[in-house]
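Each remark here refers to the structure printed beneath this line.
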Number of protein chains: 2
Amino acid sequence: MSANSRMTVAVHALTWMALVHDRGRDVVTSDQIATSVATNPVVIRRSLADLREAGLVTVRHGAGAGWTLARAGESITMLDVFRAVHDEPLFALHRGEPNQACPIGRGIRPALRDVYADAEEAVRRELAKVTIADVLRDTLATRSD
Amino acid sequence: MSANSRMTVAVHALTWMALVHDRGRDVVTSDQIATSVATNPVVIRRSLADLREAGLVTVRHGAGAGWTLARAGESITMLDVFRAVHDEPLFALHRGEPNQACPIGRGIRPALRDVYADAEEAVRRELAKVTIADVLRDTLATRSD
DNA sequence: CCTTGCTGTAAGAGTTACTGTTACAGCAAG
DNA sequence: CTTGCTGTAACAGTAACTCTTACAGCAAGG
């Protein structure tokens with residue numbers, strides 16, 4: 001049950017933007033962020049598009065275009081990012097419909113949905129405790145990988 | 001960040017085995033389980049192989065071969081199943097190494113690892129609260145899907 | 001022994017999702 | 001109008017998973 005790295009890329013971008021903001025610059029380009037993440041600018045733009053839809057960043061077009069944090073890093077939580085990039089649940093139910101002639105096949109999906117919902121809610125509670133500012137602080141406090 | 005359904009299949013199999021056990025039968029075949037899950041017996045055998053390695057089920061070979069719950073449903077938690085089938089973390093870090101010349105690229109991975117570890121621990125705590133017997137009860141209490 | 005029925009596992013096809021990349025139209029500041 | 005960056009489509013490459021077929025291995029019971 002592996003996961004993609006969209007969450008990681010989005011947090012990386014926001015953390016980088018928060019650092020740059022602290023240093024006095026506000027508008028940054030996808031190219032600059034891509035350099036820090038070491039990926040293609042289009043990947044970053046796709047990620048920032050999700051964050052823009054969630055209201056976490058704003059974009060400016062035309063000459064001198066680029067991205068800006070919509071809120072201070074202290075008020076953006078990991079949960080905000082999770083909500084912005086995650087569409088699918090952490091745990092998947094059966095791919096195909098189980099045998100409805102069997103009592104287990106008939107009733108297990110709602111039962112599992114409840115369990116999975118509780119587990120996912122626990123994740124959300126945990127992610128809500130951490131802000132981009134926290135991640136930035138921890139990131140700068142780290143010396144090595 | 002979708003997830004595969006290995007967890008769901010494994011829980012389905014165990015729940016079905018618990019029901020059958022309550023009805024007096026102990027040894028079941030992958031073919032019978034596959035009928036309830038509505039999939040191929042090999043998929044079930046692969047899943048049960050994980051559960052066997054985790055000590056949750058035992059297998060018998062030869063004629064009259066089949067699978068048996070190693071413990072009562074009351075003492076098998078969703079966390080046990082999670083541990084048996086999950087090798088990868090819920091949240092993935094960067095696919096490629098971020099730019100080490102950048103302070104964010106250098107320090108963000110350990111920072112994220114901590115956050116992700118806390119979130120995953122929250123999931124484990126939640127899954128530890130639910131047993132196969134609980135799932136069986138909820139499943140049988142459900143009338144429709 | 002030897003038949004029988006199921007497990008264990010390899011191998012391959014089909015599907016899906018994501019990443020990385022190229023390409024190009026659109027936009028607005030100056 | 002020039003310029004630089006965004007927005008997005010399109011496509012290739014990769015990886016994981018499910019499903020299926022195929023077949024060797026094993027042990028209980030005759």
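The way I read the labels, and the way they are meant: chains A, B, ... in the order of the structure tokens, residue 1 as the first residue of every chain, and ligand 1 as the first ligand shown, with later ones counted on from there.
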
Lay chain B over chain A using all C-alpha atoms, matched one to one in order, with a least-squares fit; then write it out as a compact mmCIF listing (two decimals) with N, CA and C atoms, in the first residue's frame.
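Output saved as selection_9.txt:
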```txt
# COMPACT_ATOMS: atom_id res chain seq x y z
N MET B 1 0.85 -1.31 -0.15
CA MET B 1 0.00 -0.12 -0.11
C MET B 1 0.86 1.14 -0.13
N SER B 2 1.60 1.25 -1.16
CA SER B 2 2.51 2.39 -1.21
C SER B 2 1.73 3.68 -1.42
N ALA B 3 2.41 4.77 -1.30
CA ALA B 3 1.76 6.06 -1.49
C ALA B 3 2.60 6.88 -2.46
N ASN B 4 1.96 7.79 -3.12
CA ASN B 4 2.72 8.66 -3.99
C ASN B 4 3.32 9.78 -3.15
N SER B 5 4.10 10.63 -3.80
CA SER B 5 4.83 11.63 -3.04
C SER B 5 4.26 13.03 -3.25
N ARG B 6 3.02 13.11 -3.68
CA ARG B 6 2.42 14.42 -3.90
C ARG B 6 2.39 15.25 -2.63
N MET B 7 2.05 14.59 -1.53
CA MET B 7 2.02 15.29 -0.24
C MET B 7 3.40 15.86 0.06
N THR B 8 4.42 15.05 -0.10
CA THR B 8 5.79 15.47 0.19
C THR B 8 6.21 16.65 -0.69
N VAL B 9 5.91 16.56 -1.97
CA VAL B 9 6.28 17.65 -2.87
C VAL B 9 5.56 18.94 -2.49
N ALA B 10 4.29 18.83 -2.17
CA ALA B 10 3.52 20.02 -1.82
C ALA B 10 4.07 20.66 -0.55
N VAL B 11 4.37 19.86 0.45
CA VAL B 11 4.91 20.41 1.70
C VAL B 11 6.28 21.02 1.46
N HIS B 12 7.09 20.36 0.65
CA HIS B 12 8.40 20.88 0.32
C HIS B 12 8.26 22.27 -0.32
N ALA B 13 7.37 22.39 -1.27
CA ALA B 13 7.17 23.67 -1.95
C ALA B 13 6.74 24.75 -0.96
N LEU B 14 5.79 24.43 -0.12
CA LEU B 14 5.29 25.43 0.84
C LEU B 14 6.38 25.81 1.83
N THR B 15 7.14 24.83 2.28
CA THR B 15 8.21 25.12 3.24
C THR B 15 9.27 26.01 2.61
N TRP B 16 9.58 25.73 1.36
CA TRP B 16 10.56 26.56 0.66
C TRP B 16 10.03 27.98 0.51
N MET B 17 8.75 28.09 0.16
CA MET B 17 8.15 29.42 0.02
C MET B 17 8.16 30.16 1.35
N ALA B 18 7.95 29.44 2.43
CA ALA B 18 7.95 30.09 3.74
C ALA B 18 9.34 30.60 4.08
N LEU B 19 10.36 29.82 3.74
CA LEU B 19 11.74 30.27 3.99
C LEU B 19 12.06 31.52 3.18
N VAL B 20 11.73 31.48 1.91
CA VAL B 20 12.01 32.61 1.04
C VAL B 20 11.24 33.85 1.51
N HIS B 21 10.03 33.61 1.97
CA HIS B 21 9.23 34.73 2.49
C HIS B 21 9.91 35.37 3.69
N ASP B 22 10.45 34.53 4.56
CA ASP B 22 11.15 35.06 5.74
C ASP B 22 12.36 35.89 5.33
N ARG B 23 12.91 35.55 4.18
CA ARG B 23 14.09 36.28 3.71
C ARG B 23 13.71 37.50 2.87
N GLY B 24 12.42 37.82 2.80
CA GLY B 24 12.01 39.07 2.18
C GLY B 24 11.46 38.97 0.77
N ARG B 25 11.60 37.78 0.14
CA ARG B 25 11.05 37.66 -1.20
C ARG B 25 9.67 37.04 -1.12
N ASP B 26 8.79 37.45 -2.00
CA ASP B 26 7.42 36.97 -1.90
C ASP B 26 7.02 36.11 -3.09
N VAL B 27 7.28 36.63 -4.27
CA VAL B 27 6.84 35.93 -5.47
C VAL B 27 7.96 35.01 -5.97
N VAL B 28 7.63 33.73 -6.10
CA VAL B 28 8.63 32.77 -6.58
C VAL B 28 8.06 32.00 -7.76
N THR B 29 8.95 31.41 -8.56
CA THR B 29 8.50 30.69 -9.75
C THR B 29 8.62 29.19 -9.54
N SER B 30 7.87 28.49 -10.36
CA SER B 30 7.89 27.02 -10.28
C SER B 30 9.29 26.50 -10.59
N ASP B 31 10.02 27.24 -11.38
CA ASP B 31 11.37 26.83 -11.73
C ASP B 31 12.28 26.85 -10.51
N GLN B 32 12.15 27.88 -9.69
CA GLN B 32 12.98 27.99 -8.50
C GLN B 32 12.66 26.88 -7.51
N ILE B 33 11.38 26.62 -7.33
CA ILE B 33 10.99 25.55 -6.41
C ILE B 33 11.49 24.20 -6.94
N ALA B 34 11.34 24.03 -8.26
CA ALA B 34 11.76 22.76 -8.86
C ALA B 34 13.24 22.49 -8.61
N THR B 35 14.03 23.55 -8.54
CA THR B 35 15.46 23.37 -8.28
C THR B 35 15.69 22.79 -6.89
N SER B 36 14.92 23.24 -5.92
CA SER B 36 15.09 22.73 -4.57
C SER B 36 14.59 21.29 -4.45
N VAL B 37 13.46 21.02 -5.10
CA VAL B 37 12.89 19.67 -5.02
C VAL B 37 13.66 18.72 -5.94
N ALA B 38 14.36 19.28 -6.91
CA ALA B 38 15.09 18.48 -7.91
C ALA B 38 14.12 17.69 -8.77
N THR B 39 13.21 18.40 -9.37
CA THR B 39 12.27 17.76 -10.30
C THR B 39 11.93 18.77 -11.39
N ASN B 40 10.96 18.41 -12.22
CA ASN B 40 10.57 19.25 -13.34
C ASN B 40 9.58 20.34 -12.89
N PRO B 41 9.71 21.56 -13.43
CA PRO B 41 8.80 22.64 -13.04
C PRO B 41 7.33 22.30 -13.24
N VAL B 42 7.02 21.48 -14.21
CA VAL B 42 5.62 21.14 -14.45
C VAL B 42 5.05 20.35 -13.27
N VAL B 43 5.88 19.51 -12.69
CA VAL B 43 5.44 18.74 -11.52
C VAL B 43 5.08 19.71 -10.40
N ILE B 44 5.90 20.75 -10.24
CA ILE B 44 5.63 21.74 -9.21
C ILE B 44 4.36 22.52 -9.53
N ARG B 45 4.19 22.88 -10.78
CA ARG B 45 3.00 23.66 -11.14
C ARG B 45 1.74 22.85 -10.90
N ARG B 46 1.80 21.56 -11.20
CA ARG B 46 0.63 20.71 -10.94
C ARG B 46 0.33 20.68 -9.44
N SER B 47 1.38 20.58 -8.66
CA SER B 47 1.19 20.52 -7.21
C SER B 47 0.63 21.85 -6.69
N LEU B 48 1.22 22.94 -7.16
CA LEU B 48 0.77 24.25 -6.70
C LEU B 48 -0.66 24.54 -7.16
N ALA B 49 -1.05 23.94 -8.28
CA ALA B 49 -2.42 24.13 -8.74
C ALA B 49 -3.40 23.55 -7.72
N ASP B 50 -3.06 22.40 -7.14
CA ASP B 50 -3.89 21.82 -6.08
C ASP B 50 -3.96 22.76 -4.88
N LEU B 51 -2.79 23.29 -4.52
CA LEU B 51 -2.73 24.16 -3.35
C LEU B 51 -3.49 25.47 -3.60
N ARG B 52 -3.48 25.91 -4.84
CA ARG B 52 -4.20 27.14 -5.17
C ARG B 52 -5.71 26.91 -5.05
N GLU B 53 -6.16 25.76 -5.54
CA GLU B 53 -7.59 25.44 -5.42
C GLU B 53 -8.01 25.38 -3.97
N ALA B 54 -7.09 24.99 -3.11
CA ALA B 54 -7.40 24.91 -1.68
C ALA B 54 -7.21 26.26 -0.99
N GLY B 55 -6.76 27.25 -1.74
CA GLY B 55 -6.61 28.58 -1.16
C GLY B 55 -5.35 28.77 -0.34
N LEU B 56 -4.37 27.90 -0.51
CA LEU B 56 -3.15 28.02 0.29
C LEU B 56 -2.11 28.90 -0.37
N VAL B 57 -2.17 29.01 -1.69
CA VAL B 57 -1.23 29.89 -2.40
C VAL B 57 -2.02 30.69 -3.45
N THR B 58 -1.44 31.80 -3.87
CA THR B 58 -2.04 32.57 -4.95
C THR B 58 -1.03 32.68 -6.09
N VAL B 59 -1.54 32.90 -7.28
CA VAL B 59 -0.67 32.95 -8.45
C VAL B 59 -0.84 34.29 -9.15
N ARG B 60 0.25 34.76 -9.77
CA ARG B 60 0.18 35.98 -10.55
C ARG B 60 0.66 35.67 -11.96
N HIS B 61 -0.07 36.14 -12.95
CA HIS B 61 0.27 35.87 -14.35
C HIS B 61 1.04 37.04 -14.95
N GLY B 62 1.40 36.85 -16.21
CA GLY B 62 2.07 37.90 -16.95
C GLY B 62 3.53 38.01 -16.61
N ALA B 63 4.14 39.11 -16.96
CA ALA B 63 5.55 39.32 -16.65
C ALA B 63 5.71 39.47 -15.14
N GLY B 64 6.81 38.94 -14.62
CA GLY B 64 7.00 38.95 -13.17
C GLY B 64 6.01 38.04 -12.47
N ALA B 65 5.56 37.01 -13.21
CA ALA B 65 4.58 36.08 -12.65
C ALA B 65 5.22 35.19 -11.60
N GLY B 66 4.38 34.49 -10.85
CA GLY B 66 4.89 33.59 -9.83
C GLY B 66 3.88 33.33 -8.73
N TRP B 67 4.37 32.65 -7.70
CA TRP B 67 3.49 32.17 -6.63
C TRP B 67 3.79 32.84 -5.31
N THR B 68 2.74 32.97 -4.49
CA THR B 68 2.88 33.57 -3.17
C THR B 68 2.06 32.76 -2.18
N LEU B 69 2.59 32.63 -0.96
CA LEU B 69 1.81 32.00 0.10
C LEU B 69 0.58 32.85 0.39
N ALA B 70 -0.57 32.22 0.46
CA ALA B 70 -1.79 32.98 0.73
C ALA B 70 -1.94 33.27 2.22
N ARG B 71 -1.30 32.45 3.05
CA ARG B 71 -1.38 32.65 4.49
C ARG B 71 0.00 32.45 5.09
N ALA B 72 0.19 32.89 6.31
CA ALA B 72 1.46 32.69 6.98
C ALA B 72 1.69 31.20 7.22
N GLY B 73 2.95 30.78 7.23
CA GLY B 73 3.27 29.38 7.45
C GLY B 73 2.73 28.86 8.77
N GLU B 74 2.58 29.73 9.73
CA GLU B 74 2.06 29.32 11.03
C GLU B 74 0.60 28.89 10.96
N SER B 75 -0.10 29.34 9.94
CA SER B 75 -1.54 29.05 9.88
C SER B 75 -1.88 28.04 8.79
N ILE B 76 -0.85 27.43 8.20
CA ILE B 76 -1.09 26.35 7.23
C ILE B 76 -0.66 25.04 7.89
N THR B 77 -1.59 24.13 8.07
CA THR B 77 -1.26 22.85 8.70
C THR B 77 -1.05 21.77 7.65
N MET B 78 -0.41 20.71 8.09
CA MET B 78 -0.23 19.55 7.22
C MET B 78 -1.60 18.99 6.81
N LEU B 79 -2.60 19.16 7.65
CA LEU B 79 -3.93 18.69 7.29
C LEU B 79 -4.47 19.49 6.11
N ASP B 80 -4.20 20.80 6.10
CA ASP B 80 -4.62 21.62 4.96
C ASP B 80 -4.02 21.07 3.67
N VAL B 81 -2.74 20.72 3.74
CA VAL B 81 -2.06 20.19 2.56
C VAL B 81 -2.64 18.84 2.19
N PHE B 82 -2.85 18.01 3.20
CA PHE B 82 -3.43 16.68 2.97
C PHE B 82 -4.76 16.79 2.23
N ARG B 83 -5.59 17.69 2.71
CA ARG B 83 -6.89 17.88 2.07
C ARG B 83 -6.73 18.38 0.65
N ALA B 84 -5.71 19.21 0.42
CA ALA B 84 -5.54 19.79 -0.91
C ALA B 84 -5.09 18.77 -1.94
N VAL B 85 -4.26 17.82 -1.52
CA VAL B 85 -3.67 16.91 -2.50
C VAL B 85 -4.30 15.52 -2.51
N HIS B 86 -5.05 15.16 -1.46
CA HIS B 86 -5.57 13.80 -1.35
C HIS B 86 -7.00 13.72 -1.79
N ASP B 87 -7.25 12.90 -2.79
CA ASP B 87 -8.61 12.66 -3.18
C ASP B 87 -9.05 11.26 -2.77
N GLU B 88 -8.11 10.35 -2.77
CA GLU B 88 -8.47 8.96 -2.49
C GLU B 88 -8.25 8.64 -1.01
N PRO B 89 -9.02 7.68 -0.50
CA PRO B 89 -8.85 7.28 0.90
C PRO B 89 -7.54 6.53 1.11
N LEU B 90 -7.05 6.50 2.33
CA LEU B 90 -5.80 5.81 2.63
C LEU B 90 -5.95 4.30 2.43
N PHE B 91 -7.12 3.76 2.79
CA PHE B 91 -7.35 2.33 2.64
C PHE B 91 -8.42 2.09 1.58
N ALA B 92 -8.13 1.20 0.66
CA ALA B 92 -9.09 0.92 -0.40
C ALA B 92 -9.96 -0.27 -0.02
N LEU B 93 -11.21 -0.22 -0.42
CA LEU B 93 -12.09 -1.38 -0.25
C LEU B 93 -11.83 -2.35 -1.40
N HIS B 94 -12.67 -3.38 -1.52
CA HIS B 94 -12.51 -4.35 -2.60
C HIS B 94 -12.55 -3.63 -3.94
N ARG B 95 -11.74 -4.13 -4.84
CA ARG B 95 -11.78 -3.59 -6.20
C ARG B 95 -13.09 -3.96 -6.86
N GLY B 96 -13.43 -5.21 -6.80
CA GLY B 96 -14.71 -5.66 -7.35
C GLY B 96 -15.69 -5.93 -6.22
N GLU B 97 -16.95 -6.00 -6.53
CA GLU B 97 -17.95 -6.23 -5.50
C GLU B 97 -17.84 -7.65 -4.96
N PRO B 98 -17.79 -7.80 -3.64
CA PRO B 98 -17.73 -9.16 -3.09
C PRO B 98 -19.05 -9.89 -3.29
N ASN B 99 -19.03 -11.18 -3.04
CA ASN B 99 -20.19 -12.05 -3.27
C ASN B 99 -21.37 -11.65 -2.37
N GLN B 100 -22.42 -11.12 -2.98
CA GLN B 100 -23.56 -10.63 -2.20
C GLN B 100 -24.42 -11.78 -1.66
N ALA B 101 -24.17 -12.98 -2.13
CA ALA B 101 -24.92 -14.13 -1.62
C ALA B 101 -24.34 -14.61 -0.29
N CYS B 102 -23.20 -14.05 0.09
CA CYS B 102 -22.54 -14.46 1.33
C CYS B 102 -22.72 -13.36 2.37
N PRO B 103 -23.04 -13.74 3.60
CA PRO B 103 -23.28 -12.71 4.63
C PRO B 103 -22.07 -11.82 4.87
N ILE B 104 -20.88 -12.39 4.74
CA ILE B 104 -19.67 -11.56 4.90
C ILE B 104 -19.53 -10.62 3.71
N GLY B 105 -19.66 -11.17 2.51
CA GLY B 105 -19.55 -10.36 1.31
C GLY B 105 -20.55 -9.22 1.30
N ARG B 106 -21.71 -9.48 1.88
CA ARG B 106 -22.77 -8.47 1.87
C ARG B 106 -22.50 -7.36 2.86
N GLY B 107 -21.99 -7.73 4.04
CA GLY B 107 -21.91 -6.73 5.11
C GLY B 107 -20.54 -6.15 5.41
N ILE B 108 -19.49 -6.69 4.81
CA ILE B 108 -18.16 -6.29 5.27
C ILE B 108 -17.76 -4.89 4.81
N ARG B 109 -18.28 -4.47 3.69
CA ARG B 109 -17.84 -3.16 3.21
C ARG B 109 -18.25 -2.01 4.11
N PRO B 110 -19.51 -1.93 4.53
CA PRO B 110 -19.83 -0.86 5.48
C PRO B 110 -19.07 -0.99 6.79
N ALA B 111 -18.84 -2.22 7.24
CA ALA B 111 -18.10 -2.41 8.49
C ALA B 111 -16.68 -1.88 8.35
N LEU B 112 -16.04 -2.19 7.23
CA LEU B 112 -14.67 -1.73 7.01
C LEU B 112 -14.63 -0.23 6.80
N ARG B 113 -15.64 0.28 6.13
CA ARG B 113 -15.67 1.72 5.89
C ARG B 113 -15.59 2.47 7.21
N ASP B 114 -16.33 1.98 8.20
CA ASP B 114 -16.30 2.64 9.51
C ASP B 114 -14.91 2.58 10.13
N VAL B 115 -14.30 1.42 10.10
CA VAL B 115 -12.97 1.27 10.69
C VAL B 115 -11.97 2.17 9.98
N TYR B 116 -12.00 2.15 8.67
CA TYR B 116 -11.07 2.96 7.88
C TYR B 116 -11.31 4.45 8.13
N ALA B 117 -12.56 4.83 8.26
CA ALA B 117 -12.87 6.24 8.49
C ALA B 117 -12.27 6.70 9.82
N ASP B 118 -12.37 5.84 10.84
CA ASP B 118 -11.79 6.19 12.14
C ASP B 118 -10.28 6.33 12.04
N ALA B 119 -9.66 5.42 11.31
CA ALA B 119 -8.20 5.47 11.18
C ALA B 119 -7.77 6.73 10.43
N GLU B 120 -8.51 7.05 9.38
CA GLU B 120 -8.14 8.23 8.61
C GLU B 120 -8.37 9.50 9.42
N GLU B 121 -9.41 9.48 10.25
CA GLU B 121 -9.66 10.64 11.10
C GLU B 121 -8.50 10.83 12.08
N ALA B 122 -7.95 9.73 12.55
CA ALA B 122 -6.80 9.82 13.46
C ALA B 122 -5.61 10.47 12.77
N VAL B 123 -5.42 10.12 11.50
CA VAL B 123 -4.34 10.74 10.73
C VAL B 123 -4.58 12.24 10.61
N ARG B 124 -5.79 12.60 10.31
CA ARG B 124 -6.10 14.02 10.14
C ARG B 124 -5.85 14.79 11.43
N ARG B 125 -6.25 14.21 12.54
CA ARG B 125 -6.02 14.89 13.82
C ARG B 125 -4.53 15.11 14.04
N GLU B 126 -3.73 14.10 13.68
CA GLU B 126 -2.29 14.22 13.88
C GLU B 126 -1.69 15.27 12.95
N LEU B 127 -2.13 15.26 11.71
CA LEU B 127 -1.59 16.22 10.73
C LEU B 127 -2.01 17.65 11.08
N ALA B 128 -3.13 17.79 11.75
CA ALA B 128 -3.62 19.13 12.10
C ALA B 128 -2.72 19.78 13.14
N LYS B 129 -1.92 18.96 13.83
CA LYS B 129 -1.07 19.50 14.91
C LYS B 129 0.18 20.19 14.37
N VAL B 130 0.53 19.91 13.12
CA VAL B 130 1.81 20.38 12.59
C VAL B 130 1.58 21.44 11.51
N THR B 131 2.30 22.54 11.61
CA THR B 131 2.17 23.60 10.61
C THR B 131 3.40 23.64 9.71
N ILE B 132 3.28 24.36 8.61
CA ILE B 132 4.42 24.56 7.71
C ILE B 132 5.56 25.25 8.47
N ALA B 133 5.21 26.16 9.36
CA ALA B 133 6.25 26.84 10.15
C ALA B 133 7.01 25.82 11.02
N ASP B 134 6.29 24.84 11.56
CA ASP B 134 6.94 23.78 12.34
C ASP B 134 7.91 22.99 11.47
N VAL B 135 7.44 22.63 10.29
CA VAL B 135 8.28 21.84 9.38
C VAL B 135 9.51 22.65 8.99
N LEU B 136 9.32 23.95 8.74
CA LEU B 136 10.46 24.80 8.37
C LEU B 136 11.49 24.83 9.50
N ARG B 137 11.00 24.99 10.72
CA ARG B 137 11.91 25.04 11.87
C ARG B 137 12.67 23.72 12.00
N ASP B 138 11.96 22.60 11.95
CA ASP B 138 12.61 21.29 12.07
C ASP B 138 13.58 21.05 10.92
N THR B 139 13.20 21.51 9.75
CA THR B 139 14.06 21.31 8.58
C THR B 139 15.37 22.05 8.74
N LEU B 140 15.30 23.29 9.19
CA LEU B 140 16.52 24.07 9.34
C LEU B 140 17.35 23.59 10.52
N ALA B 141 16.70 22.91 11.46
CA ALA B 141 17.43 22.41 12.63
C ALA B 141 18.21 21.15 12.30
N THR B 142 17.88 20.53 11.17
CA THR B 142 18.54 19.27 10.79
C THR B 142 19.85 19.56 10.07
N ARG B 143 20.87 18.84 10.46
CA ARG B 143 22.17 19.06 9.84
C ARG B 143 22.40 18.12 8.66
N SER B 144 22.00 16.87 8.82
CA SER B 144 22.22 15.91 7.74
C SER B 144 20.93 15.17 7.44
N ASP B 145 20.99 14.30 6.48
CA ASP B 145 19.84 13.50 6.13
C ASP B 145 19.99 12.10 6.67
```

Select, as a CSV table (one decimal) with C-alpha atoms (C1' of nucleotides), in the first residue's frame, those residues of chain D with any atom no more than 8 Å from chain A (distances computed using only C-alpha atoms (C1' of nucleotides)).
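Done, and the output landed in result_1.csv:
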```
chain,number,residue,atom,x,y,z
D,3,DT,C1',9.1,39.0,-22.2
D,4,DG,C1',8.8,35.5,-18.8
D,5,DC,C1',6.1,32.6,-16.4
D,6,DT,C1',1.7,30.0,-15.9
```

Exercise answer, chain C residues close to chain B, 8 Å and only C-alpha atoms (C1' of nucleotides), as a list of chain:residue names
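Only these qualify: C:DT4, C:DG5, C:DC6, C:DT7.
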
Write down as a ChimeraX atom specification the residues of chain A whose backbone DSSP state falls under helix (DSSP H, G or I).
/A:6-22,30-37,41-53,73-75,78-85,103-127,132-141

Need the shell around D:DC11: protein/DNA/RNA residues with any atom at most 12 Å away, counting only C-alpha atoms (C1' of nucleotides). Skip same-chain ones fewer than 4 positions apart. Format as a list in words?
DG20, DT21, DT22 and DA23 of chain C

Expected file: the selected residues, C-alpha atoms (C1' of nucleotides), as a PDB file, in the first residue's frame:
```
ATOM      1  C1'  DG C  20       9.049  13.275 -15.738  1.00  0.00           C
ATOM      2  C1'  DT C  21       9.280  15.599 -20.078  1.00  0.00           C
ATOM      3  C1'  DT C  22       8.202  18.360 -24.203  1.00  0.00           C
ATOM      4  C1'  DA C  23       5.389  21.609 -26.351  1.00  0.00           C
TER       5       DA C  23
END
```

Atom C1' of C:DC18 and atom C1' of D:DC17, how far apart in Å?
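Here the two named atoms are 13.8 Å from each other.
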
Identify which of the residues D:DC1, D:DC19, D:DA12, D:DA27 lies closest to C:DG30, counting only C-alpha atoms (C1' of nucleotides) when measuring atom-to-atom distances.
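Comparing D:DC1, D:DC19, D:DA12, D:DA27 against C:DG30, the winner is D:DC1.
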
Among chain A, which ones does DSSP place in strand (DSSP E or B), written as number ranges by chain?
A: 28, 57-60, 66-69, 77, 131

Grab the residues selected above and save them as a CSV table (one decimal), in the first residue's frame with C-alpha atoms.
```
chain,number,residue,atom,x,y,z
A,28,VAL,CA,8.6,32.7,-6.6
A,57,VAL,CA,-1.2,29.9,-2.4
A,58,THR,CA,-2.0,32.6,-5.0
A,59,VAL,CA,-0.7,32.9,-8.4
A,60,ARG,CA,0.2,36.0,-10.6
A,66,GLY,CA,4.9,33.6,-9.8
A,67,TRP,CA,3.5,32.2,-6.6
A,68,THR,CA,2.9,33.6,-3.2
A,69,LEU,CA,1.8,32.0,0.1
A,77,THR,CA,-1.3,22.9,8.7
A,131,THR,CA,2.2,23.6,10.6
```

Find the distance between atom C1' of D:DT8 and atom C1' of C:DC27 and write it in Å to one decimal.
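If I compute the distance from atom C1' of D:DT8 to atom C1' of C:DC27, I get 14.0 Å.
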